[in-house]
file run14.cif (mmCIF, C-alpha atoms)
data_model
loop_
_atom_site.label_atom_id
_atom_site.label_comp_id
_atom_site.auth_asym_id
_atom_site.auth_seq_id
_atom_site.Cartn_x
_atom_site.Cartn_y
_atom_site.Cartn_z
CA MET A 1108 -8.11 -11.41 10.49
CA ILE A 1109 -5.47 -11.88 7.79
CA VAL A 1110 -6.22 -14.43 5.07
CA ASP A 1111 -3.73 -15.37 2.37
CA SER A 1112 -5.80 -15.97 -0.77
CA GLN A 1113 -3.26 -18.28 -2.42
CA VAL A 1114 -0.52 -20.61 -1.30
CA HIS A 1115 0.57 -23.80 -3.05
CA LEU A 1116 1.26 -26.64 -0.61
CA TRP A 1117 2.53 -30.02 -1.71
CA LYS A 1118 4.33 -33.19 -0.69
CA PRO A 1119 7.57 -34.41 -2.27
CA GLU A 1120 7.31 -36.54 -5.36
CA SER A 1121 7.66 -40.21 -4.49
CA PRO A 1122 7.04 -43.63 -6.09
CA ASP A 1123 3.62 -43.79 -4.45
CA ARG A 1124 2.92 -40.15 -5.32
CA PRO A 1125 4.31 -39.58 -8.82
CA TRP A 1126 3.91 -36.28 -10.64
CA PRO A 1127 2.66 -36.15 -14.22
CA PRO A 1128 5.20 -35.65 -17.02
CA GLY A 1129 6.78 -32.22 -16.86
CA GLY A 1130 5.76 -31.64 -13.25
CA ALA A 1131 9.32 -31.44 -11.96
CA GLU A 1132 10.04 -28.66 -14.48
CA ARG A 1133 7.27 -26.44 -13.09
CA VAL A 1134 7.81 -26.81 -9.34
CA HIS A 1135 8.64 -23.48 -7.66
CA LEU A 1136 11.00 -24.57 -4.88
CA PRO A 1137 13.74 -27.18 -4.41
CA TYR A 1138 11.82 -28.55 -1.42
CA ALA A 1139 8.19 -29.37 -0.69
CA LEU A 1140 6.20 -26.60 0.97
CA THR A 1141 4.12 -28.71 3.35
CA TYR A 1142 1.46 -27.60 5.80
CA GLU A 1143 3.85 -28.55 8.61
CA LEU A 1144 6.24 -25.89 7.29
CA MET A 1145 3.44 -23.44 6.56
CA LEU A 1146 1.84 -23.33 10.00
CA PRO A 1147 4.83 -21.87 11.93
CA MET A 1148 5.36 -19.36 9.11
CA MET A 1149 1.74 -18.26 9.48
CA ASP A 1150 2.08 -17.99 13.26
CA GLU A 1151 5.29 -15.98 13.04
CA THR A 1152 3.84 -13.65 10.39
CA GLY A 1153 0.38 -13.17 11.86
CA VAL A 1154 -1.53 -14.84 9.06
CA ASP A 1155 -4.68 -16.46 10.42
CA ARG A 1156 -5.84 -18.43 7.41
CA VAL A 1157 -4.55 -19.70 4.08
CA VAL A 1158 -6.46 -20.72 0.99
CA ILE A 1159 -4.63 -23.70 -0.46
CA VAL A 1160 -4.44 -23.89 -4.24
CA PRO A 1161 -3.12 -27.36 -5.17
CA PRO A 1162 -0.19 -26.88 -7.57
CA SER A 1163 -0.21 -27.92 -11.21
CA TRP A 1164 2.93 -30.06 -10.93
CA GLU A 1165 0.99 -32.61 -8.87
CA GLY A 1166 -1.65 -32.94 -11.59
CA ASP A 1167 -5.31 -32.67 -10.64
CA ARG A 1168 -5.07 -34.37 -7.25
CA ILE A 1169 -6.35 -32.45 -4.23
CA ASP A 1170 -5.98 -35.02 -1.45
CA TYR A 1171 -3.09 -33.31 0.35
CA ALA A 1172 -4.87 -29.95 0.44
CA LEU A 1173 -7.99 -31.61 1.85
CA GLU A 1174 -5.83 -33.38 4.42
CA ALA A 1175 -4.49 -30.03 5.62
CA ALA A 1176 -7.98 -28.55 5.83
CA ALA A 1177 -9.31 -31.56 7.71
CA LYS A 1178 -6.47 -31.45 10.23
CA TYR A 1179 -6.51 -27.67 10.70
CA PRO A 1180 -9.96 -26.44 9.61
CA LYS A 1181 -9.53 -23.05 11.27
CA ARG A 1182 -6.31 -22.37 9.35
CA PHE A 1183 -6.69 -23.97 5.91
CA ALA A 1184 -9.34 -24.28 3.23
CA VAL A 1185 -9.13 -25.39 -0.39
CA MET A 1186 -9.83 -24.17 -3.89
CA GLY A 1187 -9.64 -27.54 -5.63
CA ARG A 1188 -8.56 -28.58 -9.09
CA ILE A 1189 -10.72 -30.35 -11.65
CA ALA A 1190 -9.94 -31.83 -15.07
CA LEU A 1191 -12.15 -29.81 -17.42
CA ASP A 1192 -11.39 -32.16 -20.32
CA ASP A 1193 -12.50 -35.27 -18.42
CA PRO A 1194 -16.12 -36.19 -19.24
CA GLN A 1195 -16.43 -37.70 -15.76
CA ALA A 1196 -15.68 -34.34 -14.13
CA GLN A 1197 -19.20 -33.06 -14.70
CA ARG A 1198 -20.66 -35.51 -12.21
CA LEU A 1199 -18.43 -34.07 -9.46
CA ILE A 1200 -19.86 -30.57 -9.62
CA PRO A 1201 -23.21 -30.93 -7.77
CA ASP A 1202 -21.55 -32.28 -4.61
CA TRP A 1203 -18.24 -30.42 -4.89
CA LEU A 1204 -18.78 -28.11 -1.94
CA ASP A 1205 -19.85 -31.02 0.28
CA GLN A 1206 -16.18 -31.98 0.65
CA PRO A 1207 -15.00 -30.77 4.09
CA GLY A 1208 -12.76 -27.75 3.71
CA MET A 1209 -13.64 -27.15 0.05
CA LEU A 1210 -14.56 -23.58 -0.89
CA GLY A 1211 -14.43 -23.66 -4.69
CA ILE A 1212 -12.41 -24.53 -7.79
CA ARG A 1213 -9.29 -23.03 -9.33
CA VAL A 1214 -8.83 -23.36 -13.10
CA ASN A 1215 -5.61 -22.61 -14.96
CA PHE A 1216 -5.69 -21.72 -18.63
CA SER A 1217 -2.00 -22.09 -19.44
CA ASN A 1218 0.31 -24.83 -20.70
CA ARG A 1219 -1.84 -27.57 -22.27
CA GLN A 1220 -5.05 -25.85 -21.13
CA ALA A 1221 -4.19 -22.56 -22.83
CA THR A 1222 -6.87 -22.79 -25.52
CA TRP A 1223 -9.67 -24.32 -23.47
CA LEU A 1224 -11.44 -20.98 -23.02
CA LYS A 1225 -11.81 -20.66 -26.79
CA ASP A 1226 -12.07 -24.19 -28.19
CA GLY A 1227 -15.18 -25.26 -26.26
CA THR A 1228 -13.47 -27.53 -23.72
CA ALA A 1229 -14.56 -25.35 -20.78
CA ASP A 1230 -18.02 -24.45 -22.08
CA TRP A 1231 -19.83 -27.03 -19.94
CA PHE A 1232 -18.11 -25.88 -16.77
CA TRP A 1233 -19.40 -22.32 -16.32
CA PRO A 1234 -23.16 -23.04 -16.22
CA ALA A 1235 -22.55 -26.11 -14.06
CA ALA A 1236 -20.51 -24.11 -11.54
CA GLU A 1237 -23.06 -21.30 -11.61
CA ARG A 1238 -25.91 -23.70 -10.81
CA ALA A 1239 -23.91 -25.26 -7.96
CA ARG A 1240 -22.87 -21.81 -6.60
CA ILE A 1241 -19.18 -22.76 -6.73
CA PRO A 1242 -16.73 -19.80 -6.62
CA ILE A 1243 -14.05 -20.03 -9.31
CA MET A 1244 -10.47 -18.75 -9.17
CA ILE A 1245 -9.07 -18.38 -12.65
CA ILE A 1246 -5.60 -17.80 -14.02
CA ALA A 1247 -5.85 -16.72 -17.64
CA PRO A 1248 -3.66 -13.64 -18.23
CA LEU A 1249 -3.91 -14.02 -22.01
CA TRP A 1250 -7.67 -14.43 -22.04
CA MET A 1251 -9.20 -11.56 -20.08
CA ARG A 1252 -11.67 -10.77 -22.87
CA GLU A 1253 -12.91 -14.35 -22.84
CA VAL A 1254 -13.19 -14.27 -19.04
CA GLY A 1255 -15.28 -11.12 -19.36
CA ALA A 1256 -17.60 -12.92 -21.76
CA VAL A 1257 -18.04 -15.72 -19.22
CA ALA A 1258 -18.81 -13.18 -16.48
CA GLN A 1259 -21.42 -11.52 -18.68
CA ARG A 1260 -23.12 -14.77 -19.67
CA HIS A 1261 -23.15 -16.10 -16.09
CA PRO A 1262 -23.89 -13.19 -13.73
CA ASN A 1263 -24.48 -15.49 -10.74
CA LEU A 1264 -21.09 -17.16 -11.13
CA THR A 1265 -18.41 -15.84 -8.76
CA LEU A 1266 -15.14 -15.36 -10.68
CA ILE A 1267 -11.85 -14.43 -9.00
CA ILE A 1268 -8.98 -13.26 -11.23
CA ASP A 1269 -5.64 -14.58 -10.03
CA HIS A 1270 -2.58 -12.37 -9.62
CA MET A 1271 -4.22 -9.20 -10.94
CA GLY A 1272 -4.36 -10.79 -14.40
CA LEU A 1273 -0.58 -10.44 -14.67
CA SER A 1274 2.14 -12.94 -15.50
CA ILE A 1275 5.90 -13.34 -15.28
CA GLN A 1276 6.07 -13.13 -19.07
CA PHE A 1277 4.29 -9.76 -19.06
CA ALA A 1278 6.75 -8.55 -16.41
CA ARG A 1279 9.72 -9.63 -18.52
CA GLU A 1280 8.29 -7.87 -21.55
CA GLY A 1281 7.50 -4.67 -19.65
CA LYS A 1282 3.77 -5.07 -20.34
CA LEU A 1283 2.32 -5.11 -16.84
CA SER A 1284 0.37 -1.88 -17.30
CA GLN A 1285 -1.24 -3.10 -20.52
CA ALA A 1286 -2.15 -6.40 -18.86
CA ALA A 1287 -3.64 -4.58 -15.87
CA GLU A 1288 -5.82 -2.53 -18.21
CA ARG A 1289 -7.41 -5.74 -19.49
CA THR A 1290 -8.17 -6.74 -15.90
CA LEU A 1291 -9.57 -3.31 -15.10
CA ALA A 1292 -12.04 -3.73 -17.95
CA LEU A 1293 -13.70 -6.56 -15.98
CA ALA A 1294 -14.52 -4.37 -12.97
CA LYS A 1295 -17.89 -3.53 -14.53
CA TYR A 1296 -19.02 -7.10 -13.85
CA GLN A 1297 -20.10 -7.27 -10.22
CA ASN A 1298 -19.49 -11.02 -10.10
CA VAL A 1299 -15.76 -10.57 -10.86
CA HIS A 1300 -13.21 -10.20 -8.04
CA VAL A 1301 -9.43 -9.86 -8.18
CA LYS A 1302 -6.56 -11.26 -6.15
CA LEU A 1303 -3.89 -8.63 -5.49
CA SER A 1304 -1.46 -11.51 -5.21
CA SER A 1305 2.14 -12.17 -6.21
CA ALA A 1306 3.11 -8.49 -6.45
CA PRO A 1307 6.78 -9.20 -5.49
CA THR A 1308 7.00 -11.72 -8.32
CA TYR A 1309 6.22 -9.10 -10.95
CA SER A 1310 8.05 -6.14 -9.43
CA ASN A 1311 11.39 -4.97 -10.81
CA GLU A 1312 12.24 -3.39 -7.47
CA ARG A 1313 13.05 -4.51 -3.98
CA TYR A 1314 10.65 -4.19 -1.06
CA PRO A 1315 8.30 -2.28 -0.87
CA PHE A 1316 7.87 -2.75 -4.65
CA ARG A 1317 6.85 0.81 -5.46
CA ASP A 1318 6.56 0.08 -9.16
CA MET A 1319 3.48 -2.02 -8.35
CA ASP A 1320 1.70 0.84 -6.52
CA PRO A 1321 -0.08 2.28 -9.60
CA ILE A 1322 -1.47 -1.12 -10.61
CA ILE A 1323 -2.65 -2.02 -7.11
CA ARG A 1324 -4.19 1.42 -6.61
CA SER A 1325 -6.04 1.29 -9.94
CA LEU A 1326 -7.46 -2.17 -9.23
CA VAL A 1327 -8.67 -1.23 -5.74
CA THR A 1328 -10.24 1.94 -7.14
CA ALA A 1329 -12.00 0.07 -9.96
CA PHE A 1330 -13.15 -3.05 -8.12
CA GLY A 1331 -13.51 -1.59 -4.64
CA PRO A 1332 -11.84 -3.17 -1.58
CA GLN A 1333 -14.79 -5.53 -1.11
CA ARG A 1334 -13.79 -7.31 -4.34
CA CYS A 1335 -10.00 -7.29 -3.82
CA PHE A 1336 -8.07 -9.99 -1.95
CA TRP A 1337 -4.52 -9.86 -0.63
CA GLY A 1338 -2.46 -12.97 -1.35
CA THR A 1339 1.13 -14.09 -1.73
CA ASP A 1340 1.52 -17.06 -4.08
CA LEU A 1341 4.19 -17.72 -1.47
CA SER A 1342 6.36 -20.24 -3.28
CA HIS A 1343 7.50 -17.44 -5.63
CA ALA A 1344 9.98 -14.63 -4.86
CA PHE A 1345 11.59 -15.81 -1.62
CA ASP A 1346 14.76 -14.18 -2.92
CA LYS A 1347 13.01 -10.79 -2.83
CA CYS A 1348 11.16 -10.77 0.46
CA SER A 1349 10.03 -12.68 3.51
CA TYR A 1350 6.50 -13.80 4.27
CA ARG A 1351 6.27 -11.04 6.86
CA GLN A 1352 7.21 -8.40 4.29
CA ARG A 1353 4.44 -9.59 1.97
CA VAL A 1354 2.02 -8.76 4.77
CA THR A 1355 3.55 -5.40 5.71
CA HIS A 1356 3.73 -4.43 2.03
CA PHE A 1357 -0.05 -3.97 2.26
CA THR A 1358 -0.59 -3.21 5.93
CA GLU A 1359 2.22 -0.65 6.34
CA GLU A 1360 3.52 0.54 2.96
CA LEU A 1361 0.45 1.29 0.81
CA ASP A 1362 -0.56 4.68 2.17
CA PHE A 1363 -3.35 5.06 -0.39
CA LEU A 1364 -5.28 2.29 1.38
CA SER A 1365 -7.48 3.33 4.30
CA ALA A 1366 -7.86 1.26 7.45
CA SER A 1367 -11.23 0.06 6.15
CA ASP A 1368 -9.69 -0.85 2.78
CA LYS A 1369 -7.06 -2.94 4.51
CA GLU A 1370 -9.61 -4.72 6.65
CA TRP A 1371 -11.48 -5.84 3.55
CA ILE A 1372 -8.45 -6.61 1.38
CA MET A 1373 -6.47 -8.48 4.03
CA GLY A 1374 -9.20 -10.97 4.86
CA ARG A 1375 -12.77 -9.81 5.30
CA ALA A 1376 -13.52 -9.69 1.57
CA ILE A 1377 -12.34 -13.19 0.70
CA ASN A 1378 -14.00 -14.70 3.78
CA GLN A 1379 -17.25 -13.16 2.64
CA CYS A 1380 -16.81 -14.06 -1.02
CA LEU A 1381 -15.98 -17.73 -0.39
CA GLY A 1382 -18.31 -18.15 2.56
CA TRP A 1383 -15.50 -19.07 4.94
CA ALA A 1384 -17.31 -18.40 8.20
#
call {"tool": "encode", "arguments": {"input": "run14.cif", "output": "structure tokens"}}
result
Amino acid sequence: MIVDSQVHLWKPESPDRPWPPGGAERVHLPYALTYELMLPMMDETGVDRVVIVPPSWEGDRIDYALEAAAKYPKRFAVMGRIALDDPQAQRLIPDWLDQPGMLGIRVNFSNRQATWLKDGTADWFWPAAERARIPIMIIAPLWMREVGAVAQRHPNLTLIIDHMGLSIQFAREGKLSQAAERTLALAKYQNVHVKLSSAPTYSNERYPFRDMDPIIRSLVTAFGPQRCFWGTDLSHAFDKCSYRQRVTHFTEELDFLSASDKEWIMGRAINQCLGWA
């Protein structure tokens, strides 16, 4: 089974579905990547399941992702968004996983949320999520040390580092290796997992992105394949590769991965981690 650990799906902006200010500046594609478009791409590519991460440009709404999961429960599930700075958000946590198709929460510490890991805004969230057994995907490439502190304080909280802890800015500055070292330092925490996602986005080469091999190899070695998840962040890097090539990058091109490694990384590990039966 092949499971894509991250794809943004969204509907077009419309008068009855407005985006928050600045949303149009962050959108990845000139068209909406809907689940109607996604399904034939999955079928053609051989991807069985997709974890939907609702995109930031739609704000904190998750209704469209839940719609996809309700309509196609064997193909889609959701890591929802939540407003950490909203006092009312705390009451949502105990019943969060009761929503059909919901597997966890994804938090993004960038843009206006960039300081929330350090200024106390997110402090309430970690123990609440730990008590409710909610897995958390986290994008915080500038704050790996702070993420490590959260992992240490909350050993029963499942944390999943997005995109290997890398960023487009690190790629532009030639600092991917330094950023990966900060992610590698979190491997000692058994409750921390890592998404080997968006590799084409950060690569300076064409397919098969050989400059990413050392980073991917080091992460799999440190975390073990049972804590590593393949993913695409599909709405990036269409100019570099197809959806199919993002699959074959791992299944055919990374010779340092064994057949067992690939089984875990391509789907078994994230199914187990998120409890997607």
call {"tool": "closest_residue", "arguments": {"input": "run14.cif", "among": "A:Ala1221, A:Val1154, A:Val1301, A:Val1110", "to": "Trp1383 (chain A)", "atoms": "all atoms listed in the file"}}
result
A:Val1110
call {"tool": "atom_distance", "arguments": {"input": "run14.cif", "atom1": "CA of Trp1371 (chain A)", "atom2": "CA of His1115 (chain A)"}}
result
22.6 Å
call {"tool": "closest_residue", "arguments": {"input": "run14.cif", "among": "A:Met1108, A:Tyr1138, A:Tyr1314, A:Gly1272", "to": "Lys1369 (chain A)", "atoms": "only C-alpha atoms"}}
result
A:Met1108
call {"tool": "atom_distance", "arguments": {"input": "run14.cif", "atom1": "CA of His1135 (chain A)", "atom2": "CA of Thr1308 (chain A)"}}
result
11.9 Å
call {"tool": "closest_residue", "arguments": {"input": "run14.cif", "among": "A:Arg1124, A:Arg1168, A:Arg1324, A:His1343", "to": "Leu1364 (chain A)", "atoms": "all atoms listed in the file"}}
result
A:Arg1324
call {"tool": "closest_residue", "arguments": {"input": "run14.cif", "among": "A:Pro1161, A:Gly1187, A:Gly1281, A:Pro1207", "to": "Trp1117 (chain A)", "atoms": "all atoms listed in the file"}}
result
A:Pro1161
call {"tool": "resolve_selection", "arguments": {"input": "run14.cif", "expression": "the PyMOL selection byres ((chain A and resi 1380) around 9)", "output": "list of chain:residue names"}}
result
A:Pro1242, A:Thr1265, A:His1300, A:Gln1333, A:Arg1334, A:Arg1375, A:Ala1376, A:Ile1377, A:Asn1378, A:Gln1379, A:Leu1381, A:Gly1382, A:Trp1383
call {"tool": "closest_residue", "arguments": {"input": "run14.cif", "among": "A:Ala1239, A:Ser1274, A:Gly1374, A:Trp1337", "to": "Asp1205 (chain A)", "atoms": "only C-alpha atoms"}}
result
A:Ala1239
call {"tool": "residues_around", "arguments": {"input": "run14.cif", "residues": "Gln1197 (chain A)", "least_positions_apart": "2", "cutoff": "12 Å", "atoms": "all atoms listed in the file", "output": "JSON list (two decimals) with C-alpha atoms, in the frame of the given file"}}
result
[["chain", "number", "residue", "atom", "x", "y", "z"],
["A", 1189, "ILE", "CA", -10.72, -30.35, -11.65],
["A", 1190, "ALA", "CA", -9.94, -31.83, -15.07],
["A", 1191, "LEU", "CA", -12.15, -29.81, -17.42],
["A", 1192, "ASP", "CA", -11.39, -32.16, -20.32],
["A", 1193, "ASP", "CA", -12.50, -35.27, -18.42],
["A", 1194, "PRO", "CA", -16.12, -36.19, -19.24],
["A", 1195, "GLN", "CA", -16.43, -37.70, -15.76],
["A", 1199, "LEU", "CA", -18.43, -34.07, -9.46],
["A", 1200, "ILE", "CA", -19.86, -30.57, -9.62],
["A", 1201, "PRO", "CA", -23.21, -30.93, -7.77],
["A", 1202, "ASP", "CA", -21.55, -32.28, -4.61],
["A", 1203, "TRP", "CA", -18.24, -30.42, -4.89],
["A", 1229, "ALA", "CA", -14.56, -25.35, -20.78],
["A", 1230, "ASP", "CA", -18.02, -24.45, -22.08],
["A", 1231, "TRP", "CA", -19.83, -27.03, -19.94],
["A", 1232, "PHE", "CA", -18.11, -25.88, -16.77],
["A", 1233, "TRP", "CA", -19.40, -22.32, -16.32],
["A", 1234, "PRO", "CA", -23.16, -23.04, -16.22],
["A", 1235, "ALA", "CA", -22.55, -26.11, -14.06],
["A", 1236, "ALA", "CA", -20.51, -24.11, -11.54],
["A", 1239, "ALA", "CA", -23.91, -25.26, -7.96]]
call {"tool": "resolve_selection", "arguments": {"input": "run14.cif", "expression": "the PyMOL selection byres ((chain A and resi 1259) around 10)", "output": "list in words"}}
result
Glu1253, Val1254, Gly1255, Ala1256, Val1257, Ala1258, Arg1260, His1261, Pro1262, Asn1263, Leu1264, Leu1293, Lys1295, Tyr1296, Gln1297, Asn1298 and Val1299 of chain A
call {"tool": "atom_distance", "arguments": {"input": "run14.cif", "atom1": "CA of Asp1111 (chain A)", "atom2": "CA of Gly1338 (chain A)"}}
result
4.6 Å
call {"tool": "axis_aligned_box", "arguments": {"input": "run14.cif", "around": "region 1213-1230 of chain A", "padding_each_side": "8 Å", "output": "JSON"}}
result
{"center_x": -8.9, "center_y": -24.1, "center_z": -18.8, "size_x": 34.3, "size_y": 22.9, "size_z": 34.9}
call {"tool": "closest_residue", "arguments": {"input": "run14.cif", "among": "A:Leu1361, A:Ile1169, A:Met1373, A:Val1214", "to": "Lys1302 (chain A)", "atoms": "all atoms listed in the file"}}
result
A:Met1373
